[in-house]
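**Q** Here you go, this is query04.pdb (PDB, C-alpha atoms).
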```pdb
MODEL        1
ATOM      1  CA  MET A   1      71.401 119.317  77.333
ATOM      2  CA  SER A   2      74.397 118.377  79.474
ATOM      3  CA  ILE A   3      77.003 115.629  79.358
ATOM      4  CA  THR A   4      79.690 114.654  81.859
ATOM      5  CA  LEU A   5      82.705 112.527  80.989
ATOM      6  CA  ASP A   6      84.950 110.684  83.428
ATOM      7  CA  ILE A   7      87.624 107.985  83.382
ATOM      8  CA  ARG A   8      87.988 105.480  86.199
ATOM      9  CA  LEU A   9      90.709 102.861  86.593
ATOM     10  CA  LYS A  10      90.039  99.454  88.138
ATOM     11  CA  ARG A  11      93.218  99.697  90.203
ATOM     12  CA  ALA A  12      92.632 102.219  92.993
ATOM     13  CA  SER A  13      96.364 102.905  93.473
ATOM     14  CA  LYS A  14      96.727 103.823  89.752
ATOM     15  CA  ILE A  15     100.189 102.208  89.880
ATOM     16  CA  TYR A  16     101.201 100.033  86.916
ATOM     17  CA  HIS A  17     104.331  98.323  85.600
ATOM     18  CA  GLU A  18     105.589  97.819  82.081
ATOM     19  CA  GLY A  19     103.801  94.929  80.339
ATOM     20  CA  GLU A  20     100.680  95.155  82.498
ATOM     21  CA  THR A  21      97.203  96.008  81.199
ATOM     22  CA  VAL A  22      95.672  99.316  82.242
ATOM     23  CA  ALA A  23      91.956  98.580  82.591
ATOM     24  CA  GLY A  24      89.068 100.806  83.522
ATOM     25  CA  LEU A  25      85.805 102.436  82.497
ATOM     26  CA  ILE A  26      84.776 105.473  80.476
ATOM     27  CA  LEU A  27      81.771 106.941  82.318
ATOM     28  CA  LEU A  28      79.243 109.057  80.422
ATOM     29  CA  HIS A  29      76.207 110.751  81.918
ATOM     30  CA  THR A  30      73.798 112.771  79.830
ATOM     31  CA  ASN A  31      70.194 113.965  80.262
ATOM     32  CA  SER A  32      69.320 113.452  76.579
ATOM     33  CA  ASP A  33      70.520 111.596  73.497
ATOM     34  CA  ILE A  34      73.662 113.224  72.066
ATOM     35  CA  LYS A  35      75.120 112.813  68.607
ATOM     36  CA  HIS A  36      78.855 112.391  68.260
ATOM     37  CA  ASP A  37      81.471 111.791  65.575
ATOM     38  CA  GLY A  38      83.398 109.146  67.458
ATOM     39  CA  VAL A  39      84.836 108.358  70.908
ATOM     40  CA  PHE A  40      88.618 107.911  71.094
ATOM     41  CA  LEU A  41      90.919 106.765  73.881
ATOM     42  CA  THR A  42      94.605 107.748  73.902
ATOM     43  CA  MET A  43      97.442 106.524  76.123
ATOM     44  CA  GLU A  44     100.406 108.897  76.298
ATOM     45  CA  GLY A  45     103.685 108.817  78.172
ATOM     46  CA  SER A  46     106.372 111.423  77.737
ATOM     47  CA  VAL A  47     109.412 113.109  79.259
ATOM     48  CA  ASN A  48     109.061 116.889  79.156
ATOM     49  CA  LEU A  49     112.292 118.848  79.527
ATOM     50  CA  GLN A  50     112.778 122.553  80.158
ATOM     51  CA  LEU A  51     116.068 124.425  80.023
ATOM     52  CA  SER A  52     116.621 126.761  82.929
ATOM     53  CA  SER A  53     116.670 130.457  82.013
ATOM     54  CA  LYS A  54     119.502 130.836  84.533
ATOM     55  CA  ASN A  55     121.825 128.883  82.257
ATOM     56  CA  VAL A  56     120.780 129.850  78.718
ATOM     57  CA  GLY A  57     119.032 133.219  79.054
ATOM     58  CA  ILE A  58     115.357 133.982  79.578
ATOM     59  CA  PHE A  59     114.289 134.298  75.937
ATOM     60  CA  GLU A  60     116.414 131.411  74.720
ATOM     61  CA  ALA A  61     114.876 129.167  77.382
ATOM     62  CA  PHE A  62     111.419 129.605  75.829
ATOM     63  CA  TYR A  63     112.623 128.813  72.318
ATOM     64  CA  ASN A  64     115.158 126.169  73.203
ATOM     65  CA  SER A  65     112.981 123.992  75.404
ATOM     66  CA  VAL A  66     114.023 120.467  74.547
ATOM     67  CA  LYS A  67     111.443 118.529  72.546
ATOM     68  CA  PRO A  68     109.386 116.037  74.604
ATOM     69  CA  ILE A  69     110.545 112.421  74.465
ATOM     70  CA  GLN A  70     107.558 110.204  73.621
ATOM     71  CA  LEU A  71     107.632 106.945  75.589
ATOM     72  CA  VAL A  72     104.097 105.677  74.912
ATOM     73  CA  GLN A  73     101.554 106.916  72.388
ATOM     74  CA  TYR A  74      98.624 105.241  70.706
ATOM     75  CA  THR A  75      94.911 105.835  70.182
ATOM     76  CA  LEU A  76      91.946 103.456  70.140
ATOM     77  CA  ASP A  77      88.605 104.020  68.382
ATOM     78  CA  VAL A  78      86.186 103.228  71.195
ATOM     79  CA  LEU A  79      82.890 104.059  69.442
ATOM     80  CA  PRO A  80      82.118 104.935  65.829
ATOM     81  CA  SER A  81      79.961 107.969  64.983
ATOM     82  CA  GLY A  82      76.453 107.678  66.401
ATOM     83  CA  LYS A  83      74.390 108.598  69.451
ATOM     84  CA  ILE A  84      75.041 108.408  73.163
ATOM     85  CA  PRO A  85      71.723 107.495  74.863
ATOM     86  CA  SER A  86      70.436 109.548  77.762
ATOM     87  CA  GLY A  87      71.312 108.353  81.255
ATOM     88  CA  LYS A  88      74.497 106.569  82.330
ATOM     89  CA  THR A  89      76.781 104.758  79.917
ATOM     90  CA  GLU A  90      79.823 102.712  80.954
ATOM     91  CA  ILE A  91      82.375 101.664  78.354
ATOM     92  CA  PRO A  92      85.095  99.261  79.591
ATOM     93  CA  PHE A  93      88.605  99.512  78.149
ATOM     94  CA  GLU A  94      91.947  97.734  78.343
ATOM     95  CA  LEU A  95      95.240  99.240  77.199
ATOM     96  CA  PRO A  96      98.583  97.383  77.276
ATOM     97  CA  LEU A  97     101.371  99.411  78.850
ATOM     98  CA  LYS A  98     104.130  98.975  76.283
ATOM     99  CA  PRO A  99     106.798 101.475  75.194
ATOM    100  CA  ARG A 100     107.226 102.765  71.651
ATOM    101  CA  GLY A 101     109.852 100.809  69.735
ATOM    102  CA  SER A 102     113.043 100.483  71.748
ATOM    103  CA  LYS A 103     112.120 103.196  74.287
ATOM    104  CA  LEU A 104     112.327 102.564  78.028
ATOM    105  CA  LEU A 105     109.503 103.346  80.423
ATOM    106  CA  TYR A 106     110.886 105.589  83.149
ATOM    107  CA  GLU A 107     109.093 105.983  86.463
ATOM    108  CA  THR A 108     106.530 108.753  86.920
ATOM    109  CA  TYR A 109     108.313 111.839  88.220
ATOM    110  CA  HIS A 110     107.169 115.432  88.780
ATOM    111  CA  GLY A 111     110.171 117.740  88.807
ATOM    112  CA  VAL A 112     110.960 121.349  87.962
ATOM    113  CA  PHE A 113     112.911 120.949  84.717
ATOM    114  CA  VAL A 114     112.185 117.250  84.090
ATOM    115  CA  ASN A 115     108.659 115.792  84.104
ATOM    116  CA  ILE A 116     107.829 112.158  83.353
ATOM    117  CA  GLN A 117     104.081 111.699  83.042
ATOM    118  CA  TYR A 118     101.626 109.055  81.813
ATOM    119  CA  LEU A 119      98.050 109.928  80.841
ATOM    120  CA  ILE A 120      94.903 108.316  79.525
ATOM    121  CA  ARG A 121      92.756 110.773  77.583
ATOM    122  CA  CYS A 122      89.225 110.269  76.259
ATOM    123  CA  ASP A 123      87.996 112.509  73.437
ATOM    124  CA  ILE A 124      84.424 112.718  72.177
ATOM    125  CA  LYS A 125      84.331 114.383  68.745
ATOM    126  CA  ARG A 126      81.197 116.368  67.969
ATOM    127  CA  SER A 127      79.913 118.523  65.108
ATOM    128  CA  PHE A 128      81.390 121.989  64.590
ATOM    129  CA  LEU A 129      78.370 123.533  66.341
ATOM    130  CA  ALA A 130      79.027 121.588  69.543
ATOM    131  CA  LYS A 131      82.233 121.611  71.558
ATOM    132  CA  ASP A 132      84.408 118.473  71.643
ATOM    133  CA  LEU A 133      84.640 116.821  75.049
ATOM    134  CA  SER A 134      87.937 115.711  76.561
ATOM    135  CA  LYS A 135      88.980 114.184  79.882
ATOM    136  CA  SER A 136      92.476 113.169  81.056
ATOM    137  CA  LEU A 137      93.586 110.945  83.924
ATOM    138  CA  GLU A 138      97.142 110.465  85.111
ATOM    139  CA  PHE A 139      98.296 106.996  86.101
ATOM    140  CA  ILE A 140     101.604 106.120  87.759
ATOM    141  CA  VAL A 141     104.327 103.903  86.329
ATOM    142  CA  GLU A 142     106.829 102.222  88.656
ATOM    143  CA  ASP A 143     109.793  99.966  87.900
ATOM    144  CA  LYS A 144     109.330  96.230  88.097
ATOM    145  CA  PHE A 145     111.341  94.292  90.630
ATOM    146  CA  ASN A 146     114.722  93.412  89.148
ATOM    147  CA  PRO A 147     117.092  91.159  91.138
ATOM    148  CA  GLN A 148     120.075  92.905  89.487
ATOM    149  CA  THR A 149     119.215  96.141  91.294
ATOM    150  CA  GLU A 150     120.066  94.413  94.585
ATOM    151  CA  LYS A 151     123.810  94.824  93.833
ATOM    152  CA  HIS A 152     124.204  97.863  96.082
ATOM    153  CA  HIS A 153     124.872  96.934  99.668
ATOM    154  CA  SER A 154     123.937  99.118 102.601
ATOM    155  CA  LYS A 155     127.078 100.769 103.868
ATOM    156  CA  ILE A 156     127.060 103.029 106.919
ATOM    157  CA  VAL A 157     128.619 106.430 106.265
ATOM    158  CA  PHE A 158     130.146 108.149 109.298
ATOM    159  CA  PHE A 159     130.740 111.900 109.231
ATOM    160  CA  LYS A 160     132.375 114.607 111.330
ATOM    161  CA  ILE A 161     131.635 118.304 110.884
ATOM    162  CA  MET A 162     133.937 120.936 112.359
ATOM    163  CA  PRO A 163     135.356 124.289 111.196
ATOM    164  CA  GLU A 164     138.424 122.584 109.708
ATOM    165  CA  SER A 165     136.252 120.278 107.561
ATOM    166  CA  LEU A 166     134.322 123.099 105.889
ATOM    167  CA  GLN A 167     135.270 123.633 102.254
ATOM    168  CA  ALA A 168     133.703 127.025 101.454
ATOM    169  CA  THR A 169     134.594 129.144 104.463
ATOM    170  CA  ARG A 170     135.472 132.766 103.743
ATOM    171  CA  GLU A 171     136.701 133.819 107.149
ATOM    172  CA  ARG A 172     137.665 130.848 109.255
ATOM    173  CA  THR A 173     138.553 133.148 112.141
ATOM    174  CA  ASN A 174     134.871 134.100 112.538
ATOM    175  CA  VAL A 175     133.611 130.529 112.495
ATOM    176  CA  PRO A 176     132.306 129.411 115.906
ATOM    177  CA  ARG A 177     133.960 126.339 117.373
ATOM    178  CA  PHE A 178     131.792 123.260 117.062
ATOM    179  CA  TYR A 179     132.117 119.519 116.651
ATOM    180  CA  ILE A 180     129.289 117.400 115.219
ATOM    181  CA  THR A 181     129.411 113.664 114.550
ATOM    182  CA  GLY A 182     126.901 111.268 113.063
ATOM    183  CA  ARG A 183     126.121 108.603 110.513
ATOM    184  CA  LEU A 184     123.816 107.815 107.620
ATOM    185  CA  ASP A 185     122.868 104.141 107.498
ATOM    186  CA  SER A 186     123.249 104.047 103.691
ATOM    187  CA  LEU A 187     123.648 106.333 100.674
ATOM    188  CA  TYR A 188     121.859 103.720  98.527
ATOM    189  CA  CYS A 189     118.220 104.207  99.423
ATOM    190  CA  LYS A 190     115.046 102.345  98.529
ATOM    191  CA  LEU A 191     112.188 104.703  97.694
ATOM    192  CA  SER A 192     109.842 102.618  99.829
ATOM    193  CA  GLU A 193     112.070 102.934 102.917
ATOM    194  CA  PRO A 194     113.138 106.025 104.896
ATOM    195  CA  LEU A 195     116.601 107.549 104.963
ATOM    196  CA  THR A 196     117.881 106.880 108.475
ATOM    197  CA  GLY A 197     120.850 107.711 110.662
ATOM    198  CA  GLU A 198     121.855 109.640 113.759
ATOM    199  CA  LEU A 199     123.417 112.992 114.592
ATOM    200  CA  MET A 200     125.171 114.161 117.765
ATOM    201  CA  ILE A 201     126.319 117.618 118.828
ATOM    202  CA  GLU A 202     129.556 116.859 120.646
ATOM    203  CA  GLN A 203     130.329 120.493 121.538
ATOM    204  CA  THR A 204     129.535 124.025 120.373
ATOM    205  CA  GLU A 205     130.685 127.489 121.439
ATOM    206  CA  ILE A 206     127.426 129.258 120.603
ATOM    207  CA  PRO A 207     123.860 127.914 120.862
ATOM    208  CA  ILE A 208     122.240 126.183 117.906
ATOM    209  CA  LYS A 209     118.947 127.521 116.564
ATOM    210  CA  SER A 210     117.923 124.697 114.220
ATOM    211  CA  ILE A 211     119.070 121.426 112.629
ATOM    212  CA  GLU A 212     117.458 120.580 109.291
ATOM    213  CA  LEU A 213     117.499 117.793 106.743
ATOM    214  CA  GLN A 214     116.987 118.970 103.165
ATOM    215  CA  LEU A 215     116.196 116.695 100.206
ATOM    216  CA  VAL A 216     117.378 118.147  96.883
ATOM    217  CA  ARG A 217     116.773 117.121  93.274
ATOM    218  CA  VAL A 218     119.545 117.806  90.755
ATOM    219  CA  GLU A 219     118.109 117.889  87.232
ATOM    220  CA  THR A 220     120.283 118.046  84.124
ATOM    221  CA  CYS A 221     118.787 118.406  80.669
ATOM    222  CA  GLY A 222     120.356 119.435  77.425
ATOM    223  CA  CYS A 223     120.078 119.858  73.683
ATOM    224  CA  VAL A 224     122.211 121.118  70.805
ATOM    225  CA  GLU A 225     122.053 124.687  72.106
ATOM    226  CA  GLY A 226     123.381 123.801  75.534
ATOM    227  CA  TYR A 227     122.422 122.168  78.791
ATOM    228  CA  SER A 228     121.262 123.206  82.222
ATOM    229  CA  ARG A 229     121.940 121.660  85.610
ATOM    230  CA  ASP A 230     119.832 122.881  88.504
ATOM    231  CA  ALA A 231     119.455 121.854  92.139
ATOM    232  CA  THR A 232     116.080 122.574  93.747
ATOM    233  CA  GLU A 233     114.623 121.699  97.130
ATOM    234  CA  ILE A 234     112.016 118.940  97.391
ATOM    235  CA  GLN A 235     111.452 119.051 101.138
ATOM    236  CA  ASN A 236     113.021 120.344 104.331
ATOM    237  CA  ILE A 237     112.544 118.572 107.661
ATOM    238  CA  GLN A 238     113.584 120.058 110.991
ATOM    239  CA  ILE A 239     115.131 117.361 113.184
ATOM    240  CA  GLY A 240     116.322 119.642 115.986
ATOM    241  CA  GLU A 241     115.010 122.954 117.325
ATOM    242  CA  GLY A 242     116.705 125.269 119.756
ATOM    243  CA  ASN A 243     119.920 124.567 121.597
ATOM    244  CA  VAL A 244     119.822 120.772 121.644
ATOM    245  CA  CYS A 245     121.749 118.957 124.366
ATOM    246  CA  THR A 246     125.313 117.954 123.610
ATOM    247  CA  GLY A 247     126.007 114.239 123.684
ATOM    248  CA  LEU A 248     122.394 113.426 122.770
ATOM    249  CA  GLY A 249     121.739 111.207 119.742
ATOM    250  CA  ILE A 250     119.265 112.887 117.358
ATOM    251  CA  PRO A 251     117.595 110.431 114.959
ATOM    252  CA  ILE A 252     117.729 111.171 111.229
ATOM    253  CA  TYR A 253     114.545 109.933 109.546
ATOM    254  CA  MET A 254     113.245 111.085 106.171
ATOM    255  CA  ILE A 255     110.504 109.510 104.035
ATOM    256  CA  PHE A 256     110.876 110.030 100.281
ATOM    257  CA  PRO A 257     107.791 111.774  98.851
ATOM    258  CA  ARG A 258     105.874 110.025  96.109
ATOM    259  CA  LEU A 259     105.946 111.570  92.591
ATOM    260  CA  PHE A 260     108.642 114.128  93.546
ATOM    261  CA  THR A 261     111.285 111.380  93.697
ATOM    262  CA  CYS A 262     112.128 108.490  91.383
ATOM    263  CA  PRO A 263     115.007 106.053  90.895
ATOM    264  CA  THR A 264     118.230 107.918  90.070
ATOM    265  CA  LEU A 265     118.235 108.359  86.278
ATOM    266  CA  SER A 266     121.011 109.042  83.775
ATOM    267  CA  THR A 267     120.242 109.135  80.025
ATOM    268  CA  SER A 268     121.786 110.818  76.989
ATOM    269  CA  ASN A 269     119.186 113.625  77.150
ATOM    270  CA  PHE A 270     118.655 114.160  80.854
ATOM    271  CA  LYS A 271     119.636 113.153  84.389
ATOM    272  CA  VAL A 272     117.692 113.106  87.641
ATOM    273  CA  GLU A 273     119.896 112.823  90.726
ATOM    274  CA  PHE A 274     119.328 113.407  94.426
ATOM    275  CA  GLU A 275     121.257 114.815  97.375
ATOM    276  CA  VAL A 276     120.671 115.296 101.081
ATOM    277  CA  ASN A 277     121.920 118.398 102.884
ATOM    278  CA  LEU A 278     122.410 118.421 106.630
ATOM    279  CA  ILE A 279     122.023 122.059 107.714
ATOM    280  CA  VAL A 280     122.975 123.418 111.154
ATOM    281  CA  VAL A 281     121.864 127.001 111.900
ATOM    282  CA  PHE A 282     123.515 128.757 114.841
ATOM    283  CA  GLU A 283     121.847 131.527 116.894
ATOM    284  CA  ASP A 284     123.823 134.251 115.114
ATOM    285  CA  ASP A 285     122.371 132.822 111.842
ATOM    286  CA  TYR A 286     125.724 131.328 110.862
ATOM    287  CA  LEU A 287     124.872 128.310 108.701
ATOM    288  CA  VAL A 288     126.835 125.092 108.159
ATOM    289  CA  THR A 289     125.884 122.599 105.423
ATOM    290  CA  GLU A 290     127.142 119.067 104.822
ATOM    291  CA  ASN A 291     126.184 117.531 101.452
ATOM    292  CA  PHE A 292     125.566 113.812 100.781
ATOM    293  CA  PRO A 293     124.855 112.606  97.208
ATOM    294  CA  ILE A 294     122.474 109.639  97.426
ATOM    295  CA  ILE A 295     121.306 107.012  94.949
ATOM    296  CA  LEU A 296     117.611 106.122  94.930
ATOM    297  CA  SER A 297     116.165 102.855  93.629
ATOM    298  CA  ARG A 298     112.738 101.251  93.640
ATOM    299  CA  HIS A 299     113.871  97.888  95.031
TER     300      HIS A 299
ENDMDL
END
```
Go ahead and render the structure in this file as structure tokens.
**A**
Amino acid sequence: MSITLDIRLKRASKIYHEGETVAGLILLHTNSDIKHDGVFLTMEGSVNLQLSSKNVGIFEAFYNSVKPIQLVQYTLDVLPSGKIPSGKTEIPFELPLKPRGSKLLYETYHGVFVNIQYLIRCDIKRSFLAKDLSKSLEFIVEDKFNPQTEKHHSKIVFFKIMPESLQATRERTNVPRFYITGRLDSLYCKLSEPLTGELMIEQTEIPIKSIELQLVRVETCGCVEGYSRDATEIQNIQIGEGNVCTGLGIPIYMIFPRLFTCPTLSTSNFKVEFEVNLIVVFEDDYLVTENFPIILSRH
């Protein structure tokens, strides 16, 4: 006797917006009739927060993990107790994507200390002699288009990096002479469009080993016991290798990865913010970093 359980959504992209209907099929395949005590379908959406042990201590971090914030949660009785016939069985379902009470539906986001996830779970209850069956499927929630989010206008940001502009320099006398100019086309970025700009090495005393573009998430979450704010790398892209020519425009181009980024969020319990670091590594391994806080939006 064997039974396989699967969930399939009608929308191949698995991307949904608040107010839409999540439709799909529960797929059952068994080689003989199987008794069950009910088939249930659950839609869940939650924000899971974790305090960093760096800020509150290792043991406290386990006990003081902030309670999950439930955004969506309800269960449907799909089938009453009975038998599942042998062979293939398809059970269609439709679930409205609506938040609990006055909650907001935040975009799907997979972070380190903040996770926003939406799941559909099917449970088949069976007698105590047989093991219950369960299958989960993640679907993705994105913000609807909102004309009000178009308020931010693209504004080119010009920058100059030189020893005098560095803030955290211990021994300025040991800093190699260099002069780097460039621009970012905007600090207000659409998730569907790349971050763009240009960089130019005007002059440098010692050769450059590497030029990198680093995307960083800054996650803040807190509770009564305290809060933690941590910056962690999402991705690092090398845009220049070796001693690049001076006076040559180097394009800055970074695509925002799906799931690991979301619109910039600020709530009473947590924040998700993003920054871009421009990193120049010289041949003697001296490293220069220029930081740019950015705001991400869906539209």
**Q** Written as a list in words, what is the full residue list that the PyMOL selection byres ((chain A and resi 67-79) around 7) yields on the file shown?
**A** Gly38, Val39, Phe40, Leu41, Thr42, Met43, Glu44, Gly45, Ser46, Val47, Asn48, Leu49, Ser65, Val66, Pro80, Ser81, Lys98, Pro99, Arg100, Lys103, Leu104 and Leu105 of chain A
**Q** Using only C-alpha atoms, find the one residue out of A:Ser32, A:Glu233, A:Thr261, A:Leu133 that sits nearest to Gly87 of chain A.
**A** A:Ser32
**Q** Could you check which residues have any atom within 12 Å of (87.0, 118.4, 69.9), counting all atoms listed in the file with coordinates taken straight from the file, and then list them as a VMD selection string?
**A** chain A and resid 36 to 40 122 to 135
**Q** Neighbours of Tyr106 of chain A within 12 Å (all atoms listed in the file; same-chain residues fewer than 5 positions away dropped), as a VMD selection string?
**A** chain A and resid 16 to 18 45 to 47 69 to 72 98 to 99 114 to 118 140 to 144 262 to 267 270 to 272 298
**Q** Those same residues - C-alpha atoms - I'd like them written as a PDB file, in the frame of the given file.
**A**
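Saved to part_8.pdb:
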```pdb
ATOM      1  CA  TYR A  16     101.201 100.033  86.916  1.00  0.00           C
ATOM      2  CA  HIS A  17     104.331  98.323  85.600  1.00  0.00           C
ATOM      3  CA  GLU A  18     105.589  97.819  82.081  1.00  0.00           C
ATOM      4  CA  GLY A  45     103.685 108.817  78.172  1.00  0.00           C
ATOM      5  CA  SER A  46     106.372 111.423  77.737  1.00  0.00           C
ATOM      6  CA  VAL A  47     109.412 113.109  79.259  1.00  0.00           C
ATOM      7  CA  ILE A  69     110.545 112.421  74.465  1.00  0.00           C
ATOM      8  CA  GLN A  70     107.558 110.204  73.621  1.00  0.00           C
ATOM      9  CA  LEU A  71     107.632 106.945  75.589  1.00  0.00           C
ATOM     10  CA  VAL A  72     104.097 105.677  74.912  1.00  0.00           C
ATOM     11  CA  LYS A  98     104.130  98.975  76.283  1.00  0.00           C
ATOM     12  CA  PRO A  99     106.798 101.475  75.194  1.00  0.00           C
ATOM     13  CA  VAL A 114     112.185 117.250  84.090  1.00  0.00           C
ATOM     14  CA  ASN A 115     108.659 115.792  84.104  1.00  0.00           C
ATOM     15  CA  ILE A 116     107.829 112.158  83.353  1.00  0.00           C
ATOM     16  CA  GLN A 117     104.081 111.699  83.042  1.00  0.00           C
ATOM     17  CA  TYR A 118     101.626 109.055  81.813  1.00  0.00           C
ATOM     18  CA  ILE A 140     101.604 106.120  87.759  1.00  0.00           C
ATOM     19  CA  VAL A 141     104.327 103.903  86.329  1.00  0.00           C
ATOM     20  CA  GLU A 142     106.829 102.222  88.656  1.00  0.00           C
ATOM     21  CA  ASP A 143     109.793  99.966  87.900  1.00  0.00           C
ATOM     22  CA  LYS A 144     109.330  96.230  88.097  1.00  0.00           C
ATOM     23  CA  CYS A 262     112.128 108.490  91.383  1.00  0.00           C
ATOM     24  CA  PRO A 263     115.007 106.053  90.895  1.00  0.00           C
ATOM     25  CA  THR A 264     118.230 107.918  90.070  1.00  0.00           C
ATOM     26  CA  LEU A 265     118.235 108.359  86.278  1.00  0.00           C
ATOM     27  CA  SER A 266     121.011 109.042  83.775  1.00  0.00           C
ATOM     28  CA  THR A 267     120.242 109.135  80.025  1.00  0.00           C
ATOM     29  CA  PHE A 270     118.655 114.160  80.854  1.00  0.00           C
ATOM     30  CA  LYS A 271     119.636 113.153  84.389  1.00  0.00           C
ATOM     31  CA  VAL A 272     117.692 113.106  87.641  1.00  0.00           C
ATOM     32  CA  ARG A 298     112.738 101.251  93.640  1.00  0.00           C
TER      33      ARG A 298
END
```
**Q** Please put the answer as lines of an AutoDock Vina configuration file: centre and edge lengths, in Å with one decimal, of a box along x, y and z that encloses all listed atoms of segment 184-202 of chain A plus 8 Å on each side.
**A**
```
center_x = 119.7
center_y = 110.0
center_z = 109.2
size_x = 35.7
size_y = 31.3
size_z = 39.0
```
**Q** Specify as number ranges by chain each residue included when the PyMOL selection byres ((chain A and resi 257) around 9) is applied to this file.
**A** A: 191, 234-235, 255-256, 258-261
**Q** Could those selected residues go to a file with C-alpha atoms, as a PDB file, keeping the file's coordinate frame?
**A**
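Output file out-v7.pdb is given in full below:
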```
ATOM      1  CA  LEU A 191     112.188 104.703  97.694  1.00  0.00           C
ATOM      2  CA  ILE A 234     112.016 118.940  97.391  1.00  0.00           C
ATOM      3  CA  GLN A 235     111.452 119.051 101.138  1.00  0.00           C
ATOM      4  CA  ILE A 255     110.504 109.510 104.035  1.00  0.00           C
ATOM      5  CA  PHE A 256     110.876 110.030 100.281  1.00  0.00           C
ATOM      6  CA  ARG A 258     105.874 110.025  96.109  1.00  0.00           C
ATOM      7  CA  LEU A 259     105.946 111.570  92.591  1.00  0.00           C
ATOM      8  CA  PHE A 260     108.642 114.128  93.546  1.00  0.00           C
ATOM      9  CA  THR A 261     111.285 111.380  93.697  1.00  0.00           C
TER      10      THR A 261
END
```
**Q** Would you write out, as a ChimeraX atom specification, every residue that the PyMOL selection byres ((chain A and resi 4) around 9) captures in this file?
**A** /A:2-3,5-6,27-30,133
**Q** Provide the atom CA of Phe274 of chain A to atom CA of Glu219 of chain A distance in Å, to one decimal place.
**A** 8.6 Å
**Q** State, in Å with one decimal place, the distance from atom CA of Leu184 of chain A to atom CA of Glu198 of chain A.
**A**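 Answer for the atom CA of Leu184 of chain A to atom CA of Glu198 of chain A separation: 6.7 Å.
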**Q** To one decimal in Å, tell me the separation between atom CA of Thr196 of chain A and atom CA of Ile252 of chain A.
**A**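 Separation between atom CA of Thr196 of chain A and atom CA of Ile252 of chain A: 5.1 Å.
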**Q** Could you check the closest approach to Met200 of chain A for each of A:Leu166, A:Ile156, A:Ala231, A:Leu248 and tell me which residue wins, using all atoms listed in the file?
**A**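 Checking each candidate against Met200 of chain A, we get A:Leu248 as the closest.
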**Q** Excluding same-chain residues fewer than 2 positions from segment 21-25 of chain A, what lies within 10 Å of it counting only C-alpha atoms, as a list in words?
**A** Asp6, Ile7, Arg8, Leu9, Lys10, Arg11, Lys14, Ile15, Tyr16, His17, Glu18, Gly19, Leu27, Leu28, Met43, Thr89, Glu90, Ile91, Pro92, Phe93, Glu94, Leu95, Pro96, Leu97, Lys98, Ile120 and Phe139 of chain A
**Q** Can you tell me which residues surround Asn243 of chain A at a distance of at most 12 Å, considering all atoms listed in the file, apart from same-chain residues fewer than 6 positions away, and format the answer as a PyMOL selection string?
**A** chain A and resi 201+203-211+280-283
**Q** Take the residues from that selection and put them in a file with C-alpha atoms, as a PDB file, in the coordinates of the input.
**A**
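Final output, result.pdb:
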```pdb
ATOM      1  CA  ILE A 201     126.319 117.618 118.828  1.00  0.00           C
ATOM      2  CA  GLN A 203     130.329 120.493 121.538  1.00  0.00           C
ATOM      3  CA  THR A 204     129.535 124.025 120.373  1.00  0.00           C
ATOM      4  CA  GLU A 205     130.685 127.489 121.439  1.00  0.00           C
ATOM      5  CA  ILE A 206     127.426 129.258 120.603  1.00  0.00           C
ATOM      6  CA  PRO A 207     123.860 127.914 120.862  1.00  0.00           C
ATOM      7  CA  ILE A 208     122.240 126.183 117.906  1.00  0.00           C
ATOM      8  CA  LYS A 209     118.947 127.521 116.564  1.00  0.00           C
ATOM      9  CA  SER A 210     117.923 124.697 114.220  1.00  0.00           C
ATOM     10  CA  ILE A 211     119.070 121.426 112.629  1.00  0.00           C
ATOM     11  CA  VAL A 280     122.975 123.418 111.154  1.00  0.00           C
ATOM     12  CA  VAL A 281     121.864 127.001 111.900  1.00  0.00           C
ATOM     13  CA  PHE A 282     123.515 128.757 114.841  1.00  0.00           C
ATOM     14  CA  GLU A 283     121.847 131.527 116.894  1.00  0.00           C
TER      15      GLU A 283
END
```
**Q** List the neighbours of Ile161 of chain A out to 10 Å using only C-alpha atoms; skip same-chain residues closer than 2 positions along the sequence, and give me the result as a ChimeraX atom specification.
**A** /A:159,163-166,178-182,201,288-290
**Q** Tell me which of A:Ile26, A:Ile295, A:Lys160, A:Leu199 sits closest to Thr246 of chain A, counting all atoms listed in the file.
**A** A:Leu199
